[in-house]
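Peer 1: Coordinates in data-v2.txt, compact mmCIF, C-alpha atoms, are listed below.
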# COMPACT_ATOMS: atom_id res chain seq x y z
CA MET B 1 -151.94 -82.14 67.45
CA THR B 2 -152.46 -79.20 65.09
CA ARG B 3 -152.83 -79.82 61.35
CA ILE B 4 -151.22 -77.48 58.82
CA THR B 5 -151.83 -77.61 55.08
CA ALA B 6 -148.77 -77.19 52.89
CA GLU B 7 -148.92 -74.23 50.48
CA PRO B 8 -147.33 -74.05 47.04
CA LEU B 9 -144.01 -72.22 47.35
CA SER B 10 -144.03 -68.71 45.90
CA PRO B 11 -141.70 -65.71 46.34
CA GLU B 12 -144.57 -63.67 47.81
CA GLY B 13 -145.59 -66.30 50.35
CA PHE B 14 -141.99 -66.97 51.32
CA ALA B 15 -140.87 -63.32 51.46
CA ASP B 16 -140.74 -63.13 55.27
CA TYR B 17 -138.50 -66.21 55.46
CA GLY B 18 -136.07 -65.93 52.55
CA GLN B 19 -135.77 -66.31 48.79
CA VAL B 20 -137.13 -68.79 46.29
CA ILE B 21 -134.25 -69.70 43.96
CA ASP B 22 -135.56 -70.68 40.55
CA CYS B 23 -135.56 -69.68 36.88
CA SER B 24 -138.77 -67.67 36.93
CA GLY B 25 -138.71 -64.56 34.77
CA ALA B 26 -136.20 -63.75 32.07
CA PRO B 27 -132.54 -64.62 32.57
CA ASP B 28 -130.36 -61.75 33.71
CA LYS B 29 -127.76 -62.58 31.08
CA ILE B 30 -127.40 -64.90 28.11
CA ILE B 31 -124.01 -66.61 27.98
CA ASN B 32 -122.17 -69.38 26.12
CA ASP B 33 -123.02 -68.22 22.58
CA GLY B 34 -126.71 -67.97 23.41
CA ARG B 35 -127.01 -71.50 24.76
CA CYS B 36 -127.34 -70.68 28.48
CA GLY B 37 -129.29 -68.26 30.65
CA ARG B 38 -127.79 -66.92 33.87
CA TYR B 39 -130.27 -66.14 36.68
CA HIS B 40 -127.90 -63.99 38.64
CA ASP B 41 -127.27 -63.80 42.39
CA ARG B 42 -130.64 -65.14 43.56
CA ALA B 43 -129.85 -65.72 47.26
CA ALA B 44 -129.23 -63.06 49.92
CA LEU B 45 -126.20 -64.71 51.53
CA ASP B 46 -125.61 -63.21 54.99
CA PHE B 47 -122.89 -64.47 57.32
CA VAL B 48 -121.61 -63.15 60.63
CA GLY B 49 -118.04 -64.03 61.57
CA GLY B 50 -117.63 -66.71 58.93
CA ARG B 51 -117.72 -67.29 55.19
CA ALA B 52 -119.79 -69.04 52.55
CA GLY B 53 -119.19 -72.72 51.88
CA VAL B 54 -120.68 -75.48 49.77
CA SER B 55 -121.68 -78.69 51.54
CA LEU B 56 -123.90 -81.61 50.52
CA PHE B 57 -126.73 -82.93 52.65
CA ARG B 58 -128.10 -86.42 52.06
CA SER B 59 -131.27 -87.04 54.04
CA ASP B 60 -133.74 -89.85 54.36
CA PRO B 61 -137.06 -88.75 52.84
CA VAL B 62 -140.22 -88.16 54.83
CA ALA B 63 -143.85 -88.78 53.78
CA LEU B 64 -146.93 -86.58 53.99
CA PRO B 65 -148.76 -86.27 56.32
CA TYR B 66 -145.56 -85.42 58.23
CA SER B 67 -145.50 -84.90 61.98
CA PHE B 68 -142.85 -82.89 63.86
CA ASP B 69 -142.24 -80.82 66.97
CA LEU B 70 -138.67 -79.54 66.39
CA VAL B 71 -137.53 -76.42 64.59
CA GLU B 72 -134.15 -74.70 64.54
CA ARG B 73 -132.44 -71.52 63.43
CA HIS B 74 -128.93 -70.34 62.63
CA PRO B 75 -128.23 -66.97 64.27
CA ASP B 76 -124.97 -66.44 62.37
CA GLY B 77 -125.92 -67.25 58.82
CA SER B 78 -128.36 -67.71 55.97
CA GLN B 79 -128.78 -71.24 54.58
CA ALA B 80 -129.61 -72.23 51.02
CA PHE B 81 -131.00 -75.65 50.05
CA LEU B 82 -130.52 -76.50 46.38
CA PRO B 83 -131.97 -79.88 45.41
CA MET B 84 -129.71 -82.07 43.24
CA THR B 85 -132.78 -83.90 41.94
CA GLU B 86 -135.98 -82.84 40.17
CA HIS B 87 -138.16 -83.90 43.11
CA PRO B 88 -140.25 -81.41 45.11
CA PHE B 89 -139.45 -81.08 48.81
CA LEU B 90 -141.14 -79.71 51.89
CA VAL B 91 -140.02 -76.43 53.50
CA ILE B 92 -141.21 -75.69 57.05
CA VAL B 93 -140.73 -72.25 58.59
CA ALA B 94 -142.11 -70.28 61.51
CA PRO B 95 -142.25 -66.57 62.38
CA ASP B 96 -140.22 -65.38 65.35
CA LEU B 97 -142.29 -64.15 68.31
CA GLY B 98 -139.79 -62.41 70.54
CA GLY B 99 -137.25 -65.21 70.58
CA HIS B 100 -139.40 -68.28 70.13
CA PRO B 101 -141.16 -69.62 67.04
CA GLY B 102 -144.85 -69.05 66.34
CA ARG B 103 -147.22 -71.26 64.37
CA PRO B 104 -145.35 -73.03 61.56
CA ARG B 105 -146.08 -72.72 57.87
CA ALA B 106 -145.21 -75.34 55.27
CA PHE B 107 -144.41 -74.87 51.60
CA LEU B 108 -144.14 -77.45 48.85
CA THR B 109 -141.61 -76.73 46.11
CA THR B 110 -141.97 -77.56 42.44
CA PRO B 111 -139.11 -79.17 40.47
CA GLY B 112 -136.28 -76.71 39.82
CA GLN B 113 -136.84 -74.66 42.97
CA GLY B 114 -134.39 -74.14 45.80
CA ILE B 115 -134.69 -71.81 48.76
CA ASN B 116 -132.49 -69.62 50.95
CA PHE B 117 -133.46 -68.96 54.55
CA PHE B 118 -132.67 -65.54 55.98
CA ARG B 119 -130.26 -65.60 58.91
CA SER B 120 -132.09 -66.46 62.17
CA THR B 121 -135.21 -67.79 60.44
CA TRP B 122 -136.92 -70.60 62.34
CA HIS B 123 -137.23 -73.65 60.08
CA GLY B 124 -137.82 -77.35 60.16
CA VAL B 125 -135.01 -79.76 59.40
CA LEU B 126 -134.49 -80.82 55.78
CA THR B 127 -137.53 -82.75 54.56
CA PRO B 128 -137.16 -84.31 51.13
CA LEU B 129 -140.15 -86.35 49.97
CA HIS B 130 -138.30 -88.72 47.62
CA GLU B 131 -135.08 -90.70 47.35
CA PRO B 132 -132.36 -89.58 46.95
CA GLY B 133 -132.73 -86.70 49.40
CA LEU B 134 -129.65 -84.98 48.02
CA PHE B 135 -129.06 -81.23 48.33
CA ALA B 136 -126.26 -78.76 47.81
CA VAL B 137 -126.23 -76.42 50.80
CA VAL B 138 -124.65 -72.97 50.87
CA ASP B 139 -124.29 -71.84 54.45
CA ARG B 140 -121.87 -70.38 56.95
CA ILE B 141 -118.51 -72.02 57.56
CA GLY B 142 -116.96 -70.76 60.79
CA ILE B 143 -116.40 -71.37 64.44
CA GLY B 144 -119.26 -71.49 66.95
CA GLU B 145 -122.37 -73.63 67.21
CA ASN B 146 -124.61 -71.36 65.08
CA LEU B 147 -127.62 -73.45 66.05
CA GLU B 148 -130.65 -72.80 68.23
CA GLU B 149 -133.29 -75.50 68.58
CA PHE B 150 -136.87 -75.24 69.82
CA ARG B 151 -139.23 -78.09 70.61
CA TYR B 152 -142.91 -77.18 70.55
CA PRO B 153 -145.00 -78.50 73.48
CA ASP B 154 -147.36 -80.14 70.96
CA ARG B 155 -146.74 -81.78 67.61
CA PHE B 156 -147.84 -80.40 64.24
CA THR B 157 -148.85 -82.49 61.25
CA ILE B 158 -148.34 -81.20 57.71
CA ASP B 159 -150.95 -82.28 55.14
CA PRO B 160 -150.41 -82.07 51.39
CA PRO B 161 -152.10 -79.24 49.48
CA PRO B 162 -155.75 -80.03 48.66
CA MET K 1 -109.83 -82.08 14.35
CA THR K 2 -108.40 -83.82 17.42
CA ARG K 3 -110.49 -86.45 19.21
CA ILE K 4 -110.52 -86.68 22.99
CA THR K 5 -112.14 -89.48 25.00
CA ALA K 6 -114.09 -88.42 28.06
CA GLU K 7 -112.85 -89.93 31.33
CA PRO K 8 -114.98 -90.82 34.34
CA LEU K 9 -114.77 -87.96 36.85
CA SER K 10 -112.68 -88.73 39.93
CA PRO K 11 -111.09 -86.53 42.60
CA GLU K 12 -107.62 -87.77 41.62
CA GLY K 13 -108.07 -87.10 37.90
CA PHE K 14 -109.62 -83.71 38.55
CA ALA K 15 -107.16 -82.60 41.27
CA ASP K 16 -105.29 -80.12 39.06
CA TYR K 17 -108.51 -78.38 38.08
CA GLY K 18 -110.66 -78.27 41.21
CA GLN K 19 -112.85 -80.40 43.48
CA VAL K 20 -115.40 -83.11 42.86
CA ILE K 21 -118.40 -82.33 45.09
CA ASP K 22 -120.22 -85.51 46.02
CA CYS K 23 -121.16 -87.77 48.94
CA SER K 24 -118.25 -90.18 48.66
CA GLY K 25 -116.84 -91.35 51.97
CA ALA K 26 -118.49 -91.03 55.35
CA PRO K 27 -120.45 -87.89 56.18
CA ASP K 28 -118.57 -85.36 58.31
CA LYS K 29 -121.52 -84.99 60.64
CA ILE K 30 -124.87 -86.65 61.24
CA ILE K 31 -127.66 -84.14 61.83
CA ASN K 32 -131.44 -83.98 62.14
CA ASP K 33 -131.87 -86.80 64.66
CA GLY K 34 -129.76 -89.16 62.58
CA ARG K 35 -131.76 -88.68 59.41
CA CYS K 36 -129.25 -86.60 57.44
CA GLY K 37 -125.52 -86.67 56.66
CA ARG K 38 -123.58 -83.46 56.17
CA TYR K 39 -120.64 -83.61 53.73
CA HIS K 40 -119.02 -80.45 54.96
CA ASP K 41 -117.36 -77.62 53.02
CA ARG K 42 -116.47 -79.58 49.90
CA ALA K 43 -115.53 -76.69 47.58
CA ALA K 44 -112.46 -74.44 47.85
CA LEU K 45 -114.23 -71.13 47.23
CA ASP K 46 -111.68 -68.48 46.27
CA PHE K 47 -112.70 -64.95 45.30
CA VAL K 48 -110.63 -61.83 44.65
CA GLY K 49 -112.35 -58.49 45.17
CA GLY K 50 -115.84 -59.92 45.36
CA ARG K 51 -118.03 -62.33 47.30
CA ALA K 52 -119.79 -65.66 46.89
CA GLY K 53 -123.22 -65.74 45.32
CA VAL K 54 -125.75 -68.34 44.21
CA SER K 55 -127.03 -68.13 40.64
CA LEU K 56 -128.87 -70.61 38.43
CA PHE K 57 -127.75 -71.54 34.92
CA ARG K 58 -130.19 -73.12 32.49
CA SER K 59 -128.44 -74.40 29.40
CA ASP K 60 -129.48 -76.24 26.28
CA PRO K 61 -127.95 -79.72 26.37
CA VAL K 62 -125.26 -80.95 23.99
CA ALA K 63 -124.76 -84.45 22.58
CA LEU K 64 -121.66 -86.65 22.38
CA PRO K 65 -119.57 -86.63 20.25
CA TYR K 66 -119.33 -82.90 21.08
CA SER K 67 -117.18 -80.52 19.07
CA PHE K 68 -115.81 -77.20 20.38
CA ASP K 69 -112.98 -74.73 20.01
CA LEU K 70 -113.73 -72.23 22.82
CA VAL K 71 -112.61 -72.32 26.45
CA GLU K 72 -112.69 -69.64 29.12
CA ARG K 73 -111.42 -68.90 32.60
CA HIS K 74 -112.32 -66.59 35.48
CA PRO K 75 -109.20 -64.90 36.89
CA ASP K 76 -111.01 -63.51 39.93
CA GLY K 77 -112.91 -66.50 41.22
CA SER K 78 -113.61 -70.18 41.57
CA GLN K 79 -116.85 -71.50 40.06
CA ALA K 80 -118.96 -74.42 41.29
CA PHE K 81 -121.52 -76.23 39.10
CA LEU K 82 -124.10 -78.17 41.10
CA PRO K 83 -126.61 -80.05 38.93
CA MET K 84 -130.27 -79.70 39.97
CA THR K 85 -131.04 -82.99 38.21
CA GLU K 86 -129.72 -86.54 38.48
CA HIS K 87 -128.27 -86.47 34.95
CA PRO K 88 -124.54 -86.75 34.27
CA PHE K 89 -122.88 -83.82 32.52
CA LEU K 90 -119.66 -83.17 30.66
CA VAL K 91 -116.80 -81.18 32.22
CA ILE K 92 -114.07 -79.87 29.91
CA VAL K 93 -110.86 -78.40 31.31
CA ALA K 94 -107.37 -77.58 30.06
CA PRO K 95 -104.02 -77.01 31.76
CA ASP K 96 -102.52 -73.52 31.59
CA LEU K 97 -99.33 -73.27 29.55
CA GLY K 98 -97.94 -69.86 30.39
CA GLY K 99 -101.15 -67.95 29.81
CA HIS K 100 -102.90 -70.04 27.17
CA PRO K 101 -104.66 -73.39 27.46
CA GLY K 102 -103.02 -76.68 26.52
CA ARG K 103 -104.70 -79.85 25.26
CA PRO K 104 -108.17 -80.20 26.79
CA ARG K 105 -109.36 -83.06 28.96
CA ALA K 106 -112.98 -84.10 29.38
CA PHE K 107 -114.68 -85.74 32.34
CA LEU K 108 -118.09 -87.33 32.58
CA THR K 109 -119.86 -87.04 35.92
CA THR K 110 -122.08 -89.62 37.54
CA PRO K 111 -125.43 -88.66 39.12
CA GLY K 112 -124.98 -86.77 42.38
CA GLN K 113 -121.66 -85.17 41.42
CA GLY K 114 -120.94 -81.48 41.10
CA ILE K 115 -117.60 -79.76 40.56
CA ASN K 116 -115.77 -76.60 41.60
CA PHE K 117 -113.16 -75.11 39.30
CA PHE K 118 -110.14 -73.47 40.90
CA ARG K 119 -109.81 -69.77 40.16
CA SER K 120 -108.18 -69.19 36.72
CA THR K 121 -108.77 -72.76 35.51
CA TRP K 122 -109.37 -73.02 31.78
CA HIS K 123 -112.68 -74.79 31.14
CA GLY K 124 -115.29 -75.35 28.49
CA VAL K 125 -118.69 -73.72 28.79
CA LEU K 126 -121.42 -75.59 30.65
CA THR K 127 -122.27 -78.80 28.79
CA PRO K 128 -125.26 -80.71 30.16
CA LEU K 129 -126.17 -83.84 28.19
CA HIS K 130 -129.87 -83.95 29.06
CA GLU K 131 -132.86 -81.67 29.50
CA PRO K 132 -133.31 -79.76 31.73
CA GLY K 133 -129.76 -78.42 31.82
CA LEU K 134 -130.32 -76.79 35.20
CA PHE K 135 -127.48 -75.99 37.61
CA ALA K 136 -126.95 -74.02 40.78
CA VAL K 137 -123.72 -72.05 40.38
CA VAL K 138 -121.64 -70.65 43.24
CA ASP K 139 -119.23 -68.11 41.86
CA ARG K 140 -117.91 -64.58 42.33
CA ILE K 141 -120.28 -61.65 42.50
CA GLY K 142 -118.44 -58.38 42.00
CA ILE K 143 -117.42 -55.70 39.56
CA GLY K 144 -115.17 -56.38 36.60
CA GLU K 145 -115.45 -58.73 33.64
CA ASN K 146 -113.74 -61.73 35.34
CA LEU K 147 -113.69 -63.56 32.00
CA GLU K 148 -110.90 -64.55 29.63
CA GLU K 149 -111.77 -66.50 26.51
CA PHE K 150 -109.52 -68.52 24.20
CA ARG K 151 -110.41 -69.98 20.84
CA TYR K 152 -108.20 -72.87 19.72
CA PRO K 153 -107.00 -72.73 16.10
CA ASP K 154 -108.50 -76.20 15.54
CA ARG K 155 -111.60 -77.85 16.91
CA PHE K 156 -111.65 -80.76 19.37
CA THR K 157 -114.27 -83.49 19.48
CA ILE K 158 -115.13 -85.26 22.71
CA ASP K 159 -116.11 -88.93 22.44
CA PRO K 160 -117.94 -90.84 25.19
CA PRO K 161 -115.92 -93.24 27.36
CA PRO K 162 -115.42 -96.64 25.67
Can you dump the structure from the file as structure tokens?

Peer 2:
Amino acid sequence: MTRITAEPLSPEGFADYGQVIDCSGAPDKIINDGRCGRYHDRAALDFVGGRAGVSLFRSDPVALPYSFDLVERHPDGSQAFLPMTEHPFLVIVAPDLGGHPGRPRAFLTTPGQGINFFRSTWHGVLTPLHEPGLFAVVDRIGIGENLEEFRYPDRFTIDPPP
Amino acid sequence: MTRITAEPLSPEGFADYGQVIDCSGAPDKIINDGRCGRYHDRAALDFVGGRAGVSLFRSDPVALPYSFDLVERHPDGSQAFLPMTEHPFLVIVAPDLGGHPGRPRAFLTTPGQGINFFRSTWHGVLTPLHEPGLFAVVDRIGIGENLEEFRYPDRFTIDPPP
């Protein structure tokens, strides 16, 4: 059993895995008579042989420390998780080492943050930390399985940040 | 000044204007070892000469009764509003009467509901009722203005449901 400490989510730390989707920085445009800021086109959507769609995921929450051995990736499309609550959630990713995942990393979001995984990025399954574990998901709609799973020979346990 | 009473949002009531995006009914698929339900492809995305993108909108909230005279529509694309909080929000729409909007209708969401406007649907600007007025928005990314505005000669005031 290997222990991994969750890191605060930041665009720099997450850059190899995808985008952080939040309202950091100035809005790209002010709309609605000055009442609303638009943070424009913050996810690199990338689909092969399909199209973008909006689905909802409702997941049971998990608790930290959180133990797992399964990761997955979607070879045909990026996947964005947009929380429909103000609760932080856990994001688990792993680098690709020639077709299989390396040592995982874990990131803890702050309220108001979503993420988008690059196409083919190894990641853990959705891990909300609070009820309701409700997310809008923008991913590929199309034919084909678009799923590759990998089970590590040993389990990892994610600890909260110190 | 014409008064309009907000209605609870339902798929039937909203059918002429777009989709309600929520977890009603059974999930289309159970994923993640049984821990998560997927409510699949719940928005009819429809873009002309562009592509889907994910943006964030952060808007000042409004209060009921809410008075307005401006609506808009996007001739080149659908637009989905997905709240990143558990607060209800107000959705204002109007039927099209040969190129200009008719009498508005107003819908009040319940927590966990988002909406997607059909392409070219007349609608009010984003009207959260609580801080933070934070939404993920899936709409058209592309060249062109993709915006038509209409100002009614008289103002409307939206009252809360009785």

Peer 1: Check the smallest atom-to-atom distance from each of B:Pro132, B:Gly37, B:Gly142, B:Pro95 to chain K using all atoms listed in the file, then report the winner.

Peer 2: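 The closest residue to chain K is B:Gly37.
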
Peer 1: I'd like the interatomic distance between atom CA of His40 of chain B and atom CA of Leu147 of chain B, to a tenth of an Å.

Peer 2: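 Atom CA of Leu147 of chain B lies at a distance of 29.0 Å from atom CA of His40 of chain B.
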
Peer 1: Residues of chain B near chain K: apply a cut-off of 6 Å, count all atoms listed in the file, and supply the list as a PDB file with C-alpha atoms, in the frame of the given file.

Peer 2:
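In the end it all went to iface12.pdb:
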ATOM      1  CA  ARG B  35    -127.010 -71.500  24.760  1.00  0.00           C
ATOM      2  CA  CYS B  36    -127.340 -70.680  28.480  1.00  0.00           C
ATOM      3  CA  GLY B  37    -129.290 -68.260  30.650  1.00  0.00           C
ATOM      4  CA  ARG B  38    -127.790 -66.920  33.870  1.00  0.00           C
ATOM      5  CA  TYR B  39    -130.270 -66.140  36.680  1.00  0.00           C
ATOM      6  CA  HIS B  40    -127.900 -63.990  38.640  1.00  0.00           C
ATOM      7  CA  ASP B  41    -127.270 -63.800  42.390  1.00  0.00           C
ATOM      8  CA  ARG B  42    -130.640 -65.140  43.560  1.00  0.00           C
ATOM      9  CA  ALA B  43    -129.850 -65.720  47.260  1.00  0.00           C
ATOM     10  CA  GLY B  53    -119.190 -72.720  51.880  1.00  0.00           C
ATOM     11  CA  VAL B  54    -120.680 -75.480  49.770  1.00  0.00           C
ATOM     12  CA  SER B  55    -121.680 -78.690  51.540  1.00  0.00           C
ATOM     13  CA  LEU B  56    -123.900 -81.610  50.520  1.00  0.00           C
ATOM     14  CA  PHE B  57    -126.730 -82.930  52.650  1.00  0.00           C
ATOM     15  CA  ARG B  58    -128.100 -86.420  52.060  1.00  0.00           C
ATOM     16  CA  SER B  59    -131.270 -87.040  54.040  1.00  0.00           C
ATOM     17  CA  ASP B  60    -133.740 -89.850  54.360  1.00  0.00           C
ATOM     18  CA  PRO B  83    -131.970 -79.880  45.410  1.00  0.00           C
ATOM     19  CA  MET B  84    -129.710 -82.070  43.240  1.00  0.00           C
ATOM     20  CA  THR B  85    -132.780 -83.900  41.940  1.00  0.00           C
ATOM     21  CA  GLU B  86    -135.980 -82.840  40.170  1.00  0.00           C
TER      22      GLU B  86
END

Peer 1: Can you measure atom CA of Pro101 of chain K to atom CA of Asp76 of chain K for me? One decimal in Å is fine.

Peer 2: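 So the two atoms, atom CA of Pro101 of chain K and atom CA of Asp76 of chain K, lie 17.1 Å apart.
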
Peer 1: So what do you get for atom CA of Pro88 of chain B versus atom CA of Asp159 of chain B, distance-wise?

Peer 2: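 These two atoms are separated by 14.7 Å.
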
Peer 1: Neighbours of segment 12-20 of chain K within 6 Å (only C-alpha atoms; same-chain residues fewer than 2 positions away dropped), as a PyMOL selection string?

Peer 2: chain K and resi 10+115-118

Peer 1: Skip Pro8 of chain K itself and residues of its chain fewer than 6 positions away, then list as a PyMOL selection string all residues within 7 Å of it, counting only C-alpha atoms.

Peer 2: chain K and resi 107-109

Peer 1: Taking (-111.2, -78.0, 17.6) in the file's coordinates as the center, which residues reach within 10 Å of it, counting all atoms listed in the file, put as a ChimeraX atom specification?

Peer 2: /K:1-3,67-70,104,151-158

Peer 1: Out of K:Pro160, K:Glu149, K:Trp122, K:Ala106, which residue has the shortest atom-to-atom distance to Ala94 of chain K when counting all atoms listed in the file?

Peer 2: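 So, comparing all the options, the nearest one is K:Trp122.
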